[in-house]
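Undergrad: Quick one: the structure is below, and I'll ask about it shortly.
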Amino acid sequence: MMAFWIAAALLTAGILLALLRPLMVARKTEAGGSPEVDIYKDQLAEIERDVARGLLTDDQAAAARTEVGRRLLAADARAKSAPVAPMTPAKPSRKLATALMAAVPLLAMGIYLRLGQPDLPGQPADGRTDQTAGVQAQAVLKTLQARVTENPKDLEAWKALATAQGMTGQNDKAAASWAKAVELAPDDANLQASRAEALVLSADGVVGPEAKQALGRALALNPKEPRARYYDGLATRQAGDLKGAITRWSALLAESPADAPWVPFLRGQLGETATEAGMDPAAVTPQPLPPANPTPAPVAGTPGPTADDMAAASTMSSGDRNAMIQGMVQRLADRLKAQPDDAEGWSRLARAYRVLGQNDKAAEAEANAKRYGGGTAGAVSPGMPDPATMTPEQRSATVKSLLAQFQAAAEKEPDKPEGWARLAQAYEATGDVAKTREAWAKAVAAAPDDGEINLAYARVLLPADGGHPPPAFFTALRVVLKSSPNNPQALWYLGLDAAEGGRKAEAKDLWGRLLPLLPEGSDDRKELEGRLKALGS
């Protein structure tokens, strides 16, 4: 015991000497500093660590260094332009230091003698944490088990018990609990799919006969159930029918929202299976549906689509055009509802509706344009044909003219992100992915800390073939997360990157923050719960 007190005294004295030394000597203090610069320096260091671990190629690392370096220079310039307070000498305070050196050990000893247990054997911190988590998990399982024992017909209790068992890796017990839930609600496709999933996980990923039977029931109840469709494709692949699996997974991807969490994983599975089958992955990987939760407009106040915008979009296929234009038109319509006295805005909306063939809405917009002072609401610009009747040559010329105007406007004021954002949207309407990314990159350079612009940039950087995004994608999402800590896209993809990079603690933190944002019982939540479970405790 005496050895413990001697060691504690020496340790306390050493720590106090280091902490109180600034109070005992004269020193200078300097105001200022830039946390923003430190953040970008940390990102550069992180890139070097990723290169050392083999997570980034030399080309990827060079691109990432260039982008972060540009932001670092901008941040450093802002820090240097800020007013800096002069350095002022600080007087030593030996009396205060002496008082603290006496008071702190006495106070610590008093607290420890009252609350401490010096005879308690030592235990590693990780062991204590794991033990606490394990005790809590067992307490939850015990409570849920008691609930189902007391009331075997409590469907919600069986569902909660099965979920908890799956989260703790007890997949065989989870499958049994899901079976009990299925007995209480045999017509629930989600329950059938959950049972099938637990059976597959308990069999180390093999889709056995019992799991196939559950999948068949789930699909009979709801042919669109995504987990059942995925595992049905997996069973088909395990049976050696690669083309059959590709057909099932392609159909699932084509009917999934682009922001569904399983889309990147499904693309990867399709690519691997197609390569194994000797097929072109791009040919069997369709584009998903528009996002269920579309990204907000990147720049507030961006004008709605003009007749030129609609002419450019009218060169696309019907499906692509609707997916691209509807969001633009809706944003303009929403703005006009809030600010109806914009006659020119109503005119643009009328022309947009005409191109889309929505003549009733166009007539209503034209009437509003006249009401608020626009005498020629439905007329096109002088000398330009009606977009709905343009020839392909006229549409092509209009698109080129539009892009040239946007390019000139953006280059005239390169420090304003609005011009680059508008140019990016115009290029996106033409389907020029490379030019779209380039324009958004310049918008980001003009406003490096703007979360909405970085989110739009990240969206166009996401590979359509399901491949791994470039480093700039994750750099942009980190900015998004800084300005919007609960952004679902940033939490999901940064968590996915951490999980793939073996950074389990980071992935658990990000996905743990995302989980409460997802609706209880939703497929997205179940997918995320499964991934968290796979990370282990």
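Note on naming: chains are A, B, ... as they come in the structure tokens, residues start from 1 per chain, ligands start from 1 in the order shown.
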Write out as a compact mmCIF listing (two decimals) with C-alpha atoms, in the first residue's frame each polymer residue whose atoms come within 10 Å of Thr168 of chain A, counting only C-alpha atoms; drop sequence neighbours fewer than 2 positions from it.
TA:
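Final file, part_19.txt:
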```
# COMPACT_ATOMS: atom_id res chain seq x y z
CA GLY A 134 -21.86 -7.02 -22.72
CA ALA A 137 -26.72 -6.24 -23.94
CA GLN A 138 -27.44 -9.23 -21.74
CA LEU A 141 -31.93 -9.61 -23.95
CA THR A 163 -33.32 -7.62 -33.63
CA ALA A 164 -31.33 -7.57 -30.37
CA GLN A 165 -30.17 -11.15 -30.88
CA GLY A 166 -29.01 -10.32 -34.39
CA GLN A 170 -26.81 -14.65 -32.18
CA ASN A 171 -28.20 -15.17 -35.67
CA ALA A 174 -32.63 -14.43 -34.08
CA LYS A 533 -24.07 -5.80 -36.69
CA ALA A 534 -21.49 -7.01 -39.19
CA GLY A 536 -19.11 -6.53 -34.45
CA SER A 537 -18.90 -5.26 -30.91
```
Undergrad: Quick one: residues within 12 Å of Thr143 of chain A, only C-alpha atoms counted, chain neighbours fewer than 3 positions away excluded, as a tab-separated table (two decimals) with all heavy atoms, in the first residue's frame?
TA:
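Result file follows (around-v9.tsv):
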```tsv
chain	number	residue	atom	x	y	z
A	136	GLN	N	-24.82	-4.78	-20.46
A	136	GLN	CA	-26.00	-4.05	-20.91
A	136	GLN	C	-26.77	-4.85	-21.95
A	136	GLN	O	-28.01	-4.92	-21.91
A	136	GLN	CB	-25.59	-2.69	-21.47
A	136	GLN	CG	-25.04	-1.73	-20.41
A	136	GLN	CD	-24.51	-0.46	-21.02
A	136	GLN	OE1	-24.28	-0.38	-22.24
A	136	GLN	NE2	-24.34	0.56	-20.20
A	137	ALA	N	-26.05	-5.45	-22.90
A	137	ALA	CA	-26.72	-6.24	-23.94
A	137	ALA	C	-27.45	-7.43	-23.32
A	137	ALA	O	-28.59	-7.73	-23.70
A	137	ALA	CB	-25.69	-6.71	-24.97
A	138	GLN	N	-26.80	-8.08	-22.37
A	138	GLN	CA	-27.44	-9.23	-21.74
A	138	GLN	C	-28.67	-8.80	-20.94
A	138	GLN	O	-29.66	-9.54	-20.89
A	138	GLN	CB	-26.44	-9.94	-20.82
A	138	GLN	CG	-25.32	-10.65	-21.57
A	138	GLN	CD	-25.86	-11.70	-22.55
A	138	GLN	OE1	-26.79	-12.44	-22.24
A	138	GLN	NE2	-25.28	-11.74	-23.74
A	139	ALA	N	-28.60	-7.62	-20.34
A	139	ALA	CA	-29.76	-7.12	-19.59
A	139	ALA	C	-30.94	-6.86	-20.52
A	139	ALA	O	-32.09	-7.20	-20.21
A	139	ALA	CB	-29.38	-5.84	-18.84
A	140	VAL	N	-30.63	-6.29	-21.71
A	140	VAL	CA	-31.71	-6.04	-22.69
A	140	VAL	C	-32.31	-7.36	-23.16
A	140	VAL	O	-33.54	-7.51	-23.23
A	140	VAL	CB	-31.15	-5.24	-23.89
A	140	VAL	CG1	-32.17	-5.17	-25.01
A	140	VAL	CG2	-30.76	-3.83	-23.44
A	146	ALA	N	-37.98	-12.08	-21.08
A	146	ALA	CA	-39.04	-12.13	-20.07
A	146	ALA	C	-40.38	-11.66	-20.64
A	146	ALA	O	-41.43	-12.23	-20.31
A	146	ALA	CB	-38.64	-11.27	-18.86
A	147	ARG	N	-40.31	-10.66	-21.51
A	147	ARG	CA	-41.55	-10.15	-22.12
A	147	ARG	C	-42.23	-11.21	-22.98
A	147	ARG	O	-43.45	-11.41	-22.90
A	147	ARG	CB	-41.25	-8.91	-22.97
A	147	ARG	CG	-41.10	-7.62	-22.19
A	147	ARG	CD	-40.89	-6.45	-23.12
A	147	ARG	NE	-41.98	-6.32	-24.09
A	147	ARG	CZ	-41.98	-5.42	-25.09
A	147	ARG	NH1	-40.93	-4.62	-25.24
A	147	ARG	NH2	-42.99	-5.34	-25.91
A	148	VAL	N	-41.44	-11.89	-23.81
A	148	VAL	CA	-42.06	-12.89	-24.69
A	148	VAL	C	-42.49	-14.13	-23.90
A	148	VAL	O	-43.43	-14.83	-24.29
A	148	VAL	CB	-41.12	-13.28	-25.84
A	148	VAL	CG1	-40.82	-12.08	-26.73
A	148	VAL	CG2	-39.82	-13.88	-25.33
A	149	THR	N	-41.80	-14.41	-22.81
A	149	THR	CA	-42.21	-15.54	-21.97
A	149	THR	C	-43.53	-15.23	-21.28
A	149	THR	O	-44.41	-16.09	-21.19
A	149	THR	CB	-41.12	-15.83	-20.91
A	149	THR	OG1	-39.89	-16.14	-21.57
A	149	THR	CG2	-41.52	-17.01	-20.03
A	150	GLU	N	-43.64	-13.99	-20.82
A	150	GLU	CA	-44.87	-13.59	-20.14
A	150	GLU	C	-46.04	-13.47	-21.11
A	150	GLU	O	-47.17	-13.81	-20.79
A	150	GLU	CB	-44.64	-12.25	-19.43
A	150	GLU	CG	-45.85	-11.73	-18.67
A	150	GLU	CD	-45.56	-10.40	-17.99
A	150	GLU	OE1	-44.39	-9.95	-18.00
A	150	GLU	OE2	-46.51	-9.79	-17.46
A	157	ALA	N	-42.60	-7.49	-29.15
A	157	ALA	CA	-41.54	-8.01	-28.28
A	157	ALA	C	-40.70	-9.03	-29.02
A	157	ALA	O	-39.46	-9.05	-28.89
A	157	ALA	CB	-42.15	-8.63	-27.03
A	158	TRP	N	-41.33	-9.91	-29.81
A	158	TRP	CA	-40.57	-10.89	-30.59
A	158	TRP	C	-39.68	-10.19	-31.61
A	158	TRP	O	-38.53	-10.60	-31.82
A	158	TRP	CB	-41.52	-11.86	-31.30
A	158	TRP	CG	-42.06	-12.95	-30.42
A	158	TRP	CD1	-43.36	-13.14	-30.03
A	158	TRP	CD2	-41.31	-14.02	-29.82
A	158	TRP	NE1	-43.47	-14.24	-29.22
A	158	TRP	CE2	-42.22	-14.81	-29.08
A	158	TRP	CE3	-39.97	-14.38	-29.84
A	158	TRP	CZ2	-41.83	-15.93	-28.36
A	158	TRP	CZ3	-39.57	-15.50	-29.13
A	158	TRP	CH2	-40.49	-16.26	-28.40
A	160	ALA	N	-38.45	-7.13	-31.39
A	160	ALA	CA	-37.35	-6.48	-30.67
A	160	ALA	C	-36.31	-7.49	-30.21
A	160	ALA	O	-35.10	-7.25	-30.30
A	160	ALA	CB	-37.90	-5.70	-29.47
A	161	LEU	N	-36.77	-8.65	-29.74
A	161	LEU	CA	-35.85	-9.69	-29.29
A	161	LEU	C	-35.02	-10.22	-30.46
A	161	LEU	O	-33.80	-10.39	-30.33
A	161	LEU	CB	-36.63	-10.84	-28.64
A	161	LEU	CG	-35.79	-12.05	-28.19
A	161	LEU	CD1	-34.76	-11.63	-27.14
A	161	LEU	CD2	-36.70	-13.15	-27.65
A	164	ALA	N	-32.40	-7.62	-31.36
A	164	ALA	CA	-31.33	-7.57	-30.37
A	164	ALA	C	-30.41	-8.79	-30.49
A	164	ALA	O	-29.19	-8.68	-30.38
A	164	ALA	CB	-31.92	-7.49	-28.97
```
Undergrad: Could you check how far atom CA of Val284 of chain A sits from atom CA of Leu252 of chain A, in Å to one decimal?
TA: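 These atoms are spaced 11.7 Å apart.
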Undergrad: Quick one, how far is atom CA of Ala189 of chain A from atom CA of Leu219 of chain A?
TA: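 Going from atom CA of Ala189 of chain A over to atom CA of Leu219 of chain A covers 7.1 Å.
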Undergrad: By how many Å are atom CA of Gln489 of chain A and atom CA of Pro286 of chain A apart?
TA: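 One can read the atom CA of Gln489 of chain A to atom CA of Pro286 of chain A distance as 21.0 Å.
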Undergrad: Quick one: of A:Arg478, A:Arg531, A:Arg422, A:Arg459, who's nearest to Ala408 of chain A, counting only C-alpha atoms?
TA: A:Arg422
Undergrad: Between A:Asp58, A:Ala476, A:Leu266, A:Asp497, which one has atoms that come closest to Leu461 of chain A, using only C-alpha atoms?
TA: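 Checking each of A:Asp58, A:Ala476, A:Leu266, A:Asp497 against Leu461 of chain A, counting only C-alpha atoms, the winner is A:Ala476.
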